[in-house]
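Next comes target_7.tsv, a file with TSV, C-alpha atoms.
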```
chain	number	residue	atom	x	y	z
A	1	ALA	CA	-230.13	91.62	-135.07
A	2	LEU	CA	-229.21	88.54	-133.03
A	3	ALA	CA	-231.38	85.49	-133.64
A	4	MET	CA	-232.52	83.34	-130.75
A	5	ASP	CA	-230.82	79.93	-130.73
A	6	TRP	CA	-233.72	77.79	-129.52
A	7	GLU	CA	-231.61	74.62	-129.49
A	8	LEU	CA	-229.21	76.12	-126.96
A	9	LEU	CA	-232.17	77.36	-124.92
A	10	ALA	CA	-233.60	73.84	-124.82
A	11	CYS	CA	-230.16	72.43	-123.93
A	12	ALA	CA	-229.81	74.79	-120.97
A	13	ARG	CA	-231.03	71.93	-118.75
A	14	HIS	CA	-229.07	69.10	-120.36
A	15	HIS	CA	-227.53	68.11	-123.68
A	16	LEU	CA	-228.50	64.96	-125.56
A	17	THR	CA	-225.35	63.07	-126.57
A	18	TYR	CA	-225.42	59.67	-128.24
A	19	ALA	CA	-222.65	57.31	-129.36
A	20	ALA	CA	-224.02	56.01	-132.65
A	21	ALA	CA	-222.14	53.13	-134.24
A	22	SER	CA	-220.37	54.10	-137.49
A	23	TYR	CA	-220.83	57.83	-136.75
A	24	GLU	CA	-218.28	58.29	-133.99
A	25	ASP	CA	-215.92	60.21	-136.28
A	26	GLN	CA	-218.59	62.93	-136.68
A	27	LEU	CA	-219.96	62.78	-133.13
A	28	ARG	CA	-216.80	62.47	-131.01
A	29	VAL	CA	-213.68	64.61	-130.69
A	30	ALA	CA	-210.64	64.36	-128.47
A	31	THR	CA	-209.85	67.31	-126.21
A	32	PRO	CA	-207.03	68.00	-123.70
A	33	VAL	CA	-209.43	67.09	-120.89
A	34	GLY	CA	-210.81	63.96	-122.54
A	35	GLU	CA	-213.41	63.05	-125.14
A	36	ALA	CA	-216.36	65.25	-126.05
A	37	TRP	CA	-219.55	64.14	-127.77
A	38	ARG	CA	-221.78	66.15	-130.07
A	39	CYS	CA	-225.25	67.04	-128.78
A	40	LEU	CA	-227.93	65.75	-131.17
A	41	ARG	CA	-230.07	68.81	-130.45
A	42	CYS	CA	-227.81	71.87	-130.56
A	43	GLY	CA	-224.72	70.36	-132.24
A	44	SER	CA	-222.32	71.51	-129.51
A	45	PHE	CA	-219.55	69.18	-128.32
A	46	VAL	CA	-220.01	68.31	-124.65
A	47	PRO	CA	-217.07	67.01	-122.57
A	48	GLY	CA	-217.56	63.62	-120.95
A	49	PRO	CA	-219.05	60.28	-121.94
A	50	PRO	CA	-222.25	60.16	-124.02
A	51	LEU	CA	-225.59	59.87	-122.24
A	52	HIS	CA	-226.70	57.02	-124.50
A	53	SER	CA	-225.23	54.69	-127.10
A	54	GLY	CA	-226.44	52.19	-129.66
A	55	PRO	CA	-227.22	51.75	-133.36
A	56	ALA	CA	-227.79	54.89	-135.40
A	57	GLU	CA	-231.34	53.85	-136.26
A	58	ASP	CA	-232.19	53.73	-132.53
A	59	ALA	CA	-230.81	57.21	-131.80
A	60	PRO	CA	-233.31	59.63	-130.23
A	61	VAL	CA	-234.69	62.32	-132.52
A	62	PRO	CA	-234.85	65.53	-130.44
A	63	LEU	CA	-236.86	68.48	-131.63
A	64	ARG	CA	-234.74	70.94	-133.58
A	65	GLY	CA	-235.30	74.05	-135.68
A	66	GLN	CA	-238.92	74.90	-136.47
A	67	LEU	CA	-240.19	71.81	-134.66
A	68	LEU	CA	-238.53	72.98	-131.46
A	69	ARG	CA	-240.09	76.43	-131.83
A	70	ASP	CA	-243.45	74.73	-132.40
A	71	ALA	CA	-242.98	72.75	-129.18
A	72	ILE	CA	-242.37	75.96	-127.22
A	73	VAL	CA	-245.62	77.42	-128.63
A	74	LEU	CA	-247.49	74.25	-127.62
A	75	ARG	CA	-246.22	74.49	-124.06
A	76	VAL	CA	-247.21	78.15	-123.85
A	77	LEU	CA	-250.72	77.03	-124.90
A	78	ALA	CA	-250.52	74.28	-122.26
A	79	VAL	CA	-249.84	76.84	-119.52
A	80	ASP	CA	-252.78	78.93	-120.77
A	81	ARG	CA	-255.06	75.87	-120.62
A	82	LEU	CA	-253.80	74.99	-117.14
A	83	VAL	CA	-254.57	78.47	-115.80
A	84	LYS	CA	-258.07	78.31	-117.31
A	85	ALA	CA	-258.61	74.84	-115.85
A	86	LEU	CA	-257.68	75.99	-112.34
A	87	ILE	CA	-259.98	79.02	-112.57
A	88	VAL	CA	-262.93	76.95	-113.83
A	89	LEU	CA	-262.43	74.18	-111.29
A	90	PHE	CA	-262.23	76.75	-108.50
A	91	ALA	CA	-265.48	78.27	-109.77
A	92	ALA	CA	-267.10	74.82	-109.72
A	93	TYR	CA	-265.98	74.37	-106.12
A	94	GLY	CA	-267.46	77.78	-105.27
A	95	VAL	CA	-270.81	76.85	-106.84
A	96	LEU	CA	-270.94	73.61	-104.84
A	97	ARG	CA	-270.15	75.45	-101.61
A	98	PHE	CA	-272.72	78.11	-102.46
A	99	ARG	CA	-275.34	75.41	-103.23
A	100	ALA	CA	-275.02	74.03	-99.71
A	101	HIS	CA	-275.79	77.44	-98.15
A	102	ALA	CA	-277.99	79.02	-100.82
A	103	ASP	CA	-281.07	79.51	-98.61
A	104	ALA	CA	-279.15	81.26	-95.81
A	105	LEU	CA	-277.33	83.51	-98.30
A	106	HIS	CA	-280.60	84.39	-100.03
A	107	ARG	CA	-282.23	85.45	-96.74
A	108	ALA	CA	-279.15	87.45	-95.72
A	109	PHE	CA	-279.05	89.21	-99.09
A	110	GLU	CA	-282.72	90.23	-99.00
A	111	GLN	CA	-282.42	91.41	-95.38
A	112	ASP	CA	-279.26	93.44	-95.91
A	113	LEU	CA	-280.04	94.91	-99.33
A	114	PRO	CA	-282.31	97.70	-97.92
A	115	LEU	CA	-279.37	98.85	-95.79
A	116	LEU	CA	-277.62	99.90	-98.99
A	117	GLU	CA	-280.52	102.04	-100.18
A	118	PRO	CA	-279.36	105.36	-98.57
A	119	LEU	CA	-275.87	104.97	-100.04
A	120	ALA	CA	-277.29	104.01	-103.42
A	121	GLN	CA	-279.50	107.11	-103.48
A	122	ARG	CA	-276.53	109.35	-102.73
A	123	LEU	CA	-274.69	107.79	-105.65
A	124	ASN	CA	-277.77	107.95	-107.91
A	125	PHE	CA	-277.68	104.17	-108.19
A	126	ASP	CA	-281.02	102.41	-108.70
A	127	LEU	CA	-280.88	99.15	-106.78
A	128	ASP	CA	-284.31	98.03	-108.00
A	129	HIS	CA	-283.20	98.06	-111.64
A	130	SER	CA	-279.54	97.17	-111.21
A	131	SER	CA	-278.28	94.39	-113.47
A	132	VAL	CA	-275.78	93.35	-110.78
A	133	VAL	CA	-278.49	93.03	-108.13
A	134	HIS	CA	-280.67	91.16	-110.62
A	135	ALA	CA	-277.87	88.73	-111.45
A	136	VAL	CA	-277.14	88.07	-107.77
A	137	ARG	CA	-280.82	87.59	-106.97
A	138	THR	CA	-281.24	85.20	-109.92
A	139	ALA	CA	-278.29	83.13	-108.76
A	140	LEU	CA	-279.55	83.04	-105.17
A	141	GLU	CA	-283.03	81.98	-106.30
A	142	ALA	CA	-281.74	79.19	-108.51
A	143	ARG	CA	-282.82	75.69	-107.58
A	144	PRO	CA	-280.22	73.38	-106.03
A	145	SER	CA	-280.61	71.05	-109.01
A	146	THR	CA	-279.82	73.95	-111.37
A	147	LEU	CA	-276.72	74.81	-109.38
A	148	ALA	CA	-275.70	71.17	-109.46
A	149	TRP	CA	-275.92	71.18	-113.27
A	150	VAL	CA	-273.91	74.41	-113.37
A	151	ALA	CA	-271.24	72.86	-111.16
A	152	ALA	CA	-271.20	69.70	-113.30
A	153	GLY	CA	-270.77	71.78	-116.45
A	154	LEU	CA	-267.90	73.72	-114.89
A	155	LEU	CA	-266.24	70.52	-113.70
A	156	GLY	CA	-266.53	69.01	-117.17
A	157	TYR	CA	-265.11	72.10	-118.85
A	158	GLY	CA	-262.32	72.33	-116.29
A	159	ALA	CA	-261.44	68.68	-116.84
A	160	LEU	CA	-261.35	69.29	-120.60
A	161	GLN	CA	-258.99	72.24	-120.16
A	162	LEU	CA	-256.81	70.17	-117.84
A	163	ALA	CA	-256.64	67.31	-120.36
A	164	GLU	CA	-255.64	69.79	-123.08
A	165	ALA	CA	-252.92	71.20	-120.83
A	166	VAL	CA	-251.47	67.74	-120.12
A	167	GLY	CA	-251.62	66.65	-123.75
A	168	LEU	CA	-250.02	69.83	-125.06
A	169	TRP	CA	-247.28	69.91	-122.42
A	170	LEU	CA	-246.32	66.31	-123.20
A	171	LEU	CA	-246.40	67.18	-126.94
A	172	THR	CA	-248.75	64.30	-127.70
A	173	ARG	CA	-250.69	63.91	-130.92
A	174	TRP	CA	-253.96	63.31	-129.06
A	175	GLY	CA	-253.44	66.52	-127.08
A	176	GLU	CA	-253.08	68.49	-130.31
A	177	TYR	CA	-256.24	66.94	-131.78
A	178	LEU	CA	-258.20	67.45	-128.55
A	179	THR	CA	-257.18	71.12	-128.34
A	180	ALA	CA	-257.93	71.80	-132.01
A	181	VAL	CA	-261.41	70.24	-131.81
A	182	ALA	CA	-262.37	71.66	-128.41
A	183	THR	CA	-261.18	75.16	-129.29
A	184	SER	CA	-263.01	75.08	-132.65
A	185	VAL	CA	-266.28	74.06	-130.95
A	186	PHE	CA	-266.26	77.15	-128.71
A	187	ILE	CA	-265.29	79.66	-131.42
A	188	PRO	CA	-268.92	80.19	-132.63
A	189	LEU	CA	-269.94	80.96	-129.05
A	190	GLU	CA	-267.10	83.47	-128.72
A	191	ILE	CA	-268.18	85.12	-131.99
A	192	HIS	CA	-271.78	85.35	-130.72
A	193	GLU	CA	-270.60	86.96	-127.46
A	194	LEU	CA	-268.41	89.38	-129.40
A	195	ILE	CA	-271.33	90.41	-131.63
A	196	SER	CA	-273.53	91.05	-128.60
A	197	ARG	CA	-270.83	93.16	-126.93
A	198	VAL	CA	-267.36	94.01	-128.20
A	199	THR	CA	-264.63	94.08	-125.55
A	200	TRP	CA	-260.87	93.85	-125.83
A	201	VAL	CA	-260.85	90.73	-123.67
A	202	ARG	CA	-263.34	88.90	-125.89
A	203	LEU	CA	-261.65	90.08	-129.07
A	204	THR	CA	-258.21	89.01	-127.84
A	205	ALA	CA	-259.53	85.61	-126.73
A	206	LEU	CA	-261.13	85.04	-130.13
A	207	VAL	CA	-257.99	86.01	-132.05
A	208	VAL	CA	-255.79	83.80	-129.84
A	209	ASN	CA	-258.08	80.79	-130.19
A	210	VAL	CA	-258.45	81.14	-133.97
A	211	ALA	CA	-254.67	81.49	-134.29
A	212	ALA	CA	-254.18	78.40	-132.07
A	213	VAL	CA	-256.49	76.29	-134.25
A	214	ILE	CA	-254.78	77.43	-137.46
A	215	PHE	CA	-251.36	76.76	-135.95
A	216	LEU	CA	-252.31	73.29	-134.74
A	217	VAL	CA	-254.03	72.19	-137.94
A	218	TYR	CA	-251.42	73.59	-140.34
A	219	ARG	CA	-248.11	73.32	-138.48
A	220	LYS	CA	-248.86	70.02	-136.73
A	221	ARG	CA	-250.51	68.68	-139.91
A	222	LEU	CA	-253.72	67.49	-138.25
A	223	PHE	CA	-256.62	65.89	-140.12
A	224	GLY	CA	-254.35	65.11	-143.07
A	225	VAL	CA	-253.63	68.79	-143.75
A	226	HIS	CA	-250.25	69.69	-145.26
A	227	GLY	CA	-249.29	66.06	-145.71
A	228	GLY	CA	-250.66	64.74	-142.41
A	229	ARG	CA	-248.78	62.64	-139.89
A	230	LYS	CA	-246.55	61.03	-142.51
A	231	ALA	CA	-245.21	64.44	-143.59
A	232	TYR	CA	-244.81	65.46	-139.93
A	233	GLU	CA	-242.67	62.40	-139.18
A	234	ALA	CA	-240.65	63.04	-142.34
A	235	GLU	CA	-240.01	66.59	-141.17
A	236	ARG	CA	-238.78	65.29	-137.82
A	237	ARG	CA	-236.36	62.90	-139.52
A	238	HIS	CA	-235.19	65.66	-141.85
A	239	GLU	CA	-234.34	67.86	-138.84
A	240	SER	CA	-232.39	65.03	-137.17
A	241	LEU	CA	-228.69	65.82	-136.77
A	242	LEU	CA	-227.75	62.24	-137.66
A	243	GLN	CA	-229.83	62.53	-140.83
A	244	ILE	CA	-227.96	65.75	-141.72
A	245	ILE	CA	-224.63	63.99	-141.13
A	246	ARG	CA	-225.78	61.04	-143.24
A	247	PHE	CA	-226.69	63.35	-146.12
A	248	SER	CA	-223.36	65.16	-145.81
A	249	ARG	CA	-221.55	61.87	-146.39
A	250	THR	CA	-223.25	61.26	-149.71
```

What's the structure tokens form of this structure?
Amino acid sequence: ALAMDWELLACARHHLTYAAASYEDQLRVATPVGEAWRCLRCGSFVPGPPLHSGPAEDAPVPLRGQLLRDAIVLRVLAVDRLVKALIVLFAAYGVLRFRAHADALHRAFEQDLPLLEPLAQRLNFDLDHSSVVHAVRTALEARPSTLAWVAAGLLGYGALQLAEAVGLWLLTRWGEYLTAVATSVFIPLEIHELISRVTWVRLTALVVNVAAVIFLVYRKRLFGVHGGRKAYEAERRHESLLQIIRFSRT
């Protein structure tokens, strides 16, 4: 089976070439069309001048190997958080709009509900004991202050999801910590909802969130786990192409 070359996938947009002093013999080759420099991410030689140059210790350390695959997972999680944020923020907007017209909607609902009675009887549907009708009536009868608190809660949760999305997409340490903590806080609630009623959606959401927390804590070495930040930085340096070249010299 063919293995996915994640470095080449990441370099599809642009390569990262660097003229490091004292390493030009390993990073540069001459070709019939001119010089070519080795990409620090995928290792391919790219025709043309290097994008950057300077001392070897100042060379950028692009994500490679497992760290690059981890980054792709983080950005998939970022997209998931962004979608959730947009849905929640849209719901908050809907609650605020509904709050402004709650009285008129309540009167219209109570006036028009009897019109559905003949159809409901034909379908053997009891409107008086319907959970849907009860939920709608409860929402319409809610006080404006209650709806304001609901909207504030949705706005806060949406902002949290949006912050997670930004932090994860930018591959920041604070974004990883924020996502791990925020996701862990809501896991007990998801378990409670799953116990009350098992659905594939709830089960899938729980499994994904538990897996995300485990991935973040273990692979990103949060809270000192698996060596902590020091071990994470050491792993990044170990994956560096210049570090590999340096070791090959010794």

For region 18-25 of chain A, work out the shell of residues within 10 Å, counting only C-alpha atoms and skipping chain neighbours fewer than 2 positions away, then give it as an NGL selection string. :A and (15-16 or 27-29 or 37-40 or 49-60 or 242 or 245-246)

Which is closest to Trp169 (chain A) among A:Arg69, A:Arg41, A:Arg99, A:Arg75, if we use only C-alpha atoms?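 Selected residue with least distance to Trp169 (chain A): A:Arg75.
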
Quick check, in Å to one decimal: how far apart do CA of Ala205 (chain A) and CA of Glu193 (chain A) lie? 11.2 Å

Within 12 Å of (-238.0, 71.1, -130.8) (coordinates as in the file), grab all the protein and nucleic acid residues, counting all atoms listed in the file, and write them out as a ChimeraX atom specification. /A:5-11,40-42,61-75,171,235-236,239-240

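Close contacts of Trp149 (chain A), defined as residues with an atom at most 12 Å away when counting only C-alpha atoms, with chain neighbours fewer than 4 positions off set aside, comprise Ala92, Val95, Leu96, Arg99, Ala142, Arg143, Pro144, Ser145, Gly153, Leu154, Leu155 and Gly156 of chain A.
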
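Ranking A:Thr204, A:Asn209, A:Gln161, A:Thr179 by their shortest atom-to-atom distance to Val83 (chain A), with only C-alpha atoms included, puts A:Gln161 first.
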
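In this structure, CA of Arg107 (chain A) sits 20.3 Å away from CA of Ala120 (chain A).
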
Completion of region 49-60 of chain A up to all heavy atoms, as a PDB file, in the frame of the given file:
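In the end it all went to result_10.pdb:
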```
ATOM      1  N   PRO A  49    -218.484  61.411-121.187  1.00  0.00           N
ATOM      2  CA  PRO A  49    -219.050  60.280-121.940  1.00  0.00           C
ATOM      3  C   PRO A  49    -220.448  60.616-122.455  1.00  0.00           C
ATOM      4  O   PRO A  49    -221.130  61.486-121.912  1.00  0.00           O
ATOM      5  CB  PRO A  49    -219.082  59.157-120.898  1.00  0.00           C
ATOM      6  CG  PRO A  49    -219.197  59.880-119.585  1.00  0.00           C
ATOM      7  CD  PRO A  49    -218.391  61.137-119.735  1.00  0.00           C
ATOM      8  N   PRO A  50    -220.912  59.912-123.495  1.00  0.00           N
ATOM      9  CA  PRO A  50    -222.250  60.160-124.020  1.00  0.00           C
ATOM     10  C   PRO A  50    -223.333  59.672-123.054  1.00  0.00           C
ATOM     11  O   PRO A  50    -223.103  58.729-122.282  1.00  0.00           O
ATOM     12  CB  PRO A  50    -222.275  59.379-125.328  1.00  0.00           C
ATOM     13  CG  PRO A  50    -221.296  58.269-125.109  1.00  0.00           C
ATOM     14  CD  PRO A  50    -220.202  58.864-124.247  1.00  0.00           C
ATOM     15  N   LEU A  51    -224.480  60.304-123.107  1.00  0.00           N
ATOM     16  CA  LEU A  51    -225.590  59.870-122.240  1.00  0.00           C
ATOM     17  C   LEU A  51    -226.125  58.511-122.672  1.00  0.00           C
ATOM     18  O   LEU A  51    -226.534  57.710-121.834  1.00  0.00           O
ATOM     19  CB  LEU A  51    -226.723  60.902-122.289  1.00  0.00           C
ATOM     20  CG  LEU A  51    -226.473  62.245-121.620  1.00  0.00           C
ATOM     21  CD1 LEU A  51    -227.676  63.153-121.811  1.00  0.00           C
ATOM     22  CD2 LEU A  51    -226.180  62.066-120.135  1.00  0.00           C
ATOM     23  N   HIS A  52    -226.159  58.262-123.977  1.00  0.00           N
ATOM     24  CA  HIS A  52    -226.700  57.020-124.500  1.00  0.00           C
ATOM     25  C   HIS A  52    -225.802  56.507-125.626  1.00  0.00           C
ATOM     26  O   HIS A  52    -224.987  57.251-126.170  1.00  0.00           O
ATOM     27  CB  HIS A  52    -228.130  57.219-125.026  1.00  0.00           C
ATOM     28  CG  HIS A  52    -229.036  57.895-124.068  1.00  0.00           C
ATOM     29  ND1 HIS A  52    -229.614  57.258-122.990  1.00  0.00           N
ATOM     30  CD2 HIS A  52    -229.480  59.188-124.012  1.00  0.00           C
ATOM     31  CE1 HIS A  52    -230.364  58.103-122.311  1.00  0.00           C
ATOM     32  NE2 HIS A  52    -230.299  59.286-122.906  1.00  0.00           N
ATOM     33  N   SER A  53    -225.983  55.255-125.983  1.00  0.00           N
ATOM     34  CA  SER A  53    -225.230  54.690-127.100  1.00  0.00           C
ATOM     35  C   SER A  53    -226.056  53.575-127.727  1.00  0.00           C
ATOM     36  O   SER A  53    -226.988  53.037-127.106  1.00  0.00           O
ATOM     37  CB  SER A  53    -223.880  54.150-126.632  1.00  0.00           C
ATOM     38  OG  SER A  53    -224.079  53.104-125.685  1.00  0.00           O
ATOM     39  N   GLY A  54    -225.721  53.239-128.976  1.00  0.00           N
ATOM     40  CA  GLY A  54    -226.440  52.190-129.660  1.00  0.00           C
ATOM     41  C   GLY A  54    -226.389  52.383-131.161  1.00  0.00           C
ATOM     42  O   GLY A  54    -225.670  53.255-131.672  1.00  0.00           O
ATOM     43  N   PRO A  55    -227.183  51.609-131.904  1.00  0.00           N
ATOM     44  CA  PRO A  55    -227.220  51.750-133.360  1.00  0.00           C
ATOM     45  C   PRO A  55    -227.770  53.115-133.766  1.00  0.00           C
ATOM     46  O   PRO A  55    -228.577  53.719-133.051  1.00  0.00           O
ATOM     47  CB  PRO A  55    -228.166  50.627-133.800  1.00  0.00           C
ATOM     48  CG  PRO A  55    -228.216  49.675-132.653  1.00  0.00           C
ATOM     49  CD  PRO A  55    -228.007  50.495-131.426  1.00  0.00           C
ATOM     50  N   ALA A  56    -227.357  53.581-134.932  1.00  0.00           N
ATOM     51  CA  ALA A  56    -227.790  54.890-135.400  1.00  0.00           C
ATOM     52  C   ALA A  56    -229.301  54.955-135.584  1.00  0.00           C
ATOM     53  O   ALA A  56    -229.931  55.983-135.317  1.00  0.00           O
ATOM     54  CB  ALA A  56    -227.087  55.237-136.715  1.00  0.00           C
ATOM     55  N   GLU A  57    -229.899  53.833-136.023  1.00  0.00           N
ATOM     56  CA  GLU A  57    -231.340  53.850-136.260  1.00  0.00           C
ATOM     57  C   GLU A  57    -232.150  53.938-134.962  1.00  0.00           C
ATOM     58  O   GLU A  57    -233.340  54.282-134.982  1.00  0.00           O
ATOM     59  CB  GLU A  57    -231.784  52.616-137.046  1.00  0.00           C
ATOM     60  CG  GLU A  57    -231.433  51.286-136.410  1.00  0.00           C
ATOM     61  CD  GLU A  57    -230.068  50.778-136.840  1.00  0.00           C
ATOM     62  OE1 GLU A  57    -229.258  51.583-137.337  1.00  0.00           O
ATOM     63  OE2 GLU A  57    -229.819  49.566-136.682  1.00  0.00           O
ATOM     64  N   ASP A  58    -231.514  53.633-133.819  1.00  0.00           N
ATOM     65  CA  ASP A  58    -232.190  53.730-132.530  1.00  0.00           C
ATOM     66  C   ASP A  58    -231.911  55.051-131.810  1.00  0.00           C
ATOM     67  O   ASP A  58    -232.361  55.244-130.674  1.00  0.00           O
ATOM     68  CB  ASP A  58    -231.775  52.572-131.619  1.00  0.00           C
ATOM     69  CG  ASP A  58    -232.229  51.228-132.161  1.00  0.00           C
ATOM     70  OD1 ASP A  58    -233.210  51.211-132.933  1.00  0.00           O
ATOM     71  OD2 ASP A  58    -231.601  50.206-131.820  1.00  0.00           O
ATOM     72  N   ALA A  59    -231.162  55.937-132.440  1.00  0.00           N
ATOM     73  CA  ALA A  59    -230.810  57.210-131.800  1.00  0.00           C
ATOM     74  C   ALA A  59    -232.064  58.058-131.590  1.00  0.00           C
ATOM     75  O   ALA A  59    -232.975  58.059-132.425  1.00  0.00           O
ATOM     76  CB  ALA A  59    -229.815  57.974-132.669  1.00  0.00           C
ATOM     77  N   PRO A  60    -232.159  58.752-130.449  1.00  0.00           N
ATOM     78  CA  PRO A  60    -233.310  59.630-130.230  1.00  0.00           C
ATOM     79  C   PRO A  60    -233.327  60.767-131.247  1.00  0.00           C
ATOM     80  O   PRO A  60    -232.283  61.180-131.754  1.00  0.00           O
ATOM     81  CB  PRO A  60    -233.072  60.166-128.806  1.00  0.00           C
ATOM     82  CG  PRO A  60    -231.599  60.016-128.574  1.00  0.00           C
ATOM     83  CD  PRO A  60    -231.188  58.798-129.345  1.00  0.00           C
TER      84      PRO A  60
END
```
